[in-house]
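Colleague: If you scroll down you'll find the structure; I have some questions about it.
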Amino acid sequence: MTLTKSDIVENLNNEIGLNKREAKELVDMLFNDIKNLLSEGHEVKLSGFGNFQLRDKSSRPGRNPRTGEDVEISARRVVTFKSGQKLKESVKTLTNESD
Amino acid sequence: MKVNKKELIEKISRNQDQLPHRDIELAVKTIINCMTQALSTGDRIEIRGFGSFSLRYRRPRIGRNPKTGKTVNINERYVPHFKPGKNLKKRVNKGTD
């Protein structure tokens, strides 16, 4: 199953009684703010969950897998996520509960 | 610069005038719990325009304590993985030029 924004809105409504409109606005604001901060070059740390970090990658030679043509992959900045200790602990034992 | 959860909550709080600060704080914590809960039961998370979180399987392996050199068995496990969405990727990369 996949958790989406509407599930998070539903959960906020059930757990803390925000109405759906308030909850939706809040969820949108949270993810937009994280996105804006990252695009302004700030890293975002959510203790207990994880850190969104930025990495500057230099250009490197690559190949178009379809045509086999050599192309240069341009220098770029990418987002990486480092999960926090608490999140790591909560997911690692999944194997004991399912499959 | 690094922005932590507290600062993020303050930023959200400043940009709206409907909910008191402590409700925002509670809401953000509830959202994070909800996401942790989803991943811990094996669900993926998909946030349009932002990215998706899923679990990756790691085989059991024999590792070594780098300090003592002693071998240790590392159990199979799942680790969280984040894949940035198209819009996030584009926005972050644009910030560099």
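In the structure tokens, each chain is lettered A, B, ... as it comes, each chain's residues begin at 1, and ligands are numbered from 1 in order of appearance.
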Mind listing as a PyMOL selection string which residues of chain B are within 6 Å of chain A, counting only C-alpha atoms?
Modeller: chain B and resi 1-5+40+43-47+77-78+82+91-93+95
Colleague: Got a sec to tell me which of range 12-95 of chain A DSSP assigns to strand (DSSP E), as a PyMOL selection string?
Modeller: chain A and resi 43-46+50-57+60-63+70-73+76-83
Colleague: Taking the chain letters and numbering used in this document, name the residues of chain B that DSSP puts in helix (DSSP H, G or I), as a PyMOL selection string.
Modeller: chain B and resi 5-14+21-40+86-94
Colleague: Which one is closest to Leu55 in chain B: B:Ile12, B:Leu88, B:Val72, B:Val79? Count only C-alpha atoms.
Modeller: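 Selected residue with least distance to Leu55 in chain B: B:Val79.
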Colleague: Quick one: of B:Thr41, B:Leu19, B:Ile31, B:Arg48, who's nearest to Asn14 in chain A, counting only C-alpha atoms?
Modeller: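 Counting only C-alpha atoms, the residue closest to Asn14 in chain A is B:Ile31.
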Colleague: Quick one, how far is CA of Ile73 in chain A from CA of Lys83 in chain B?
Modeller: 19.2 Å
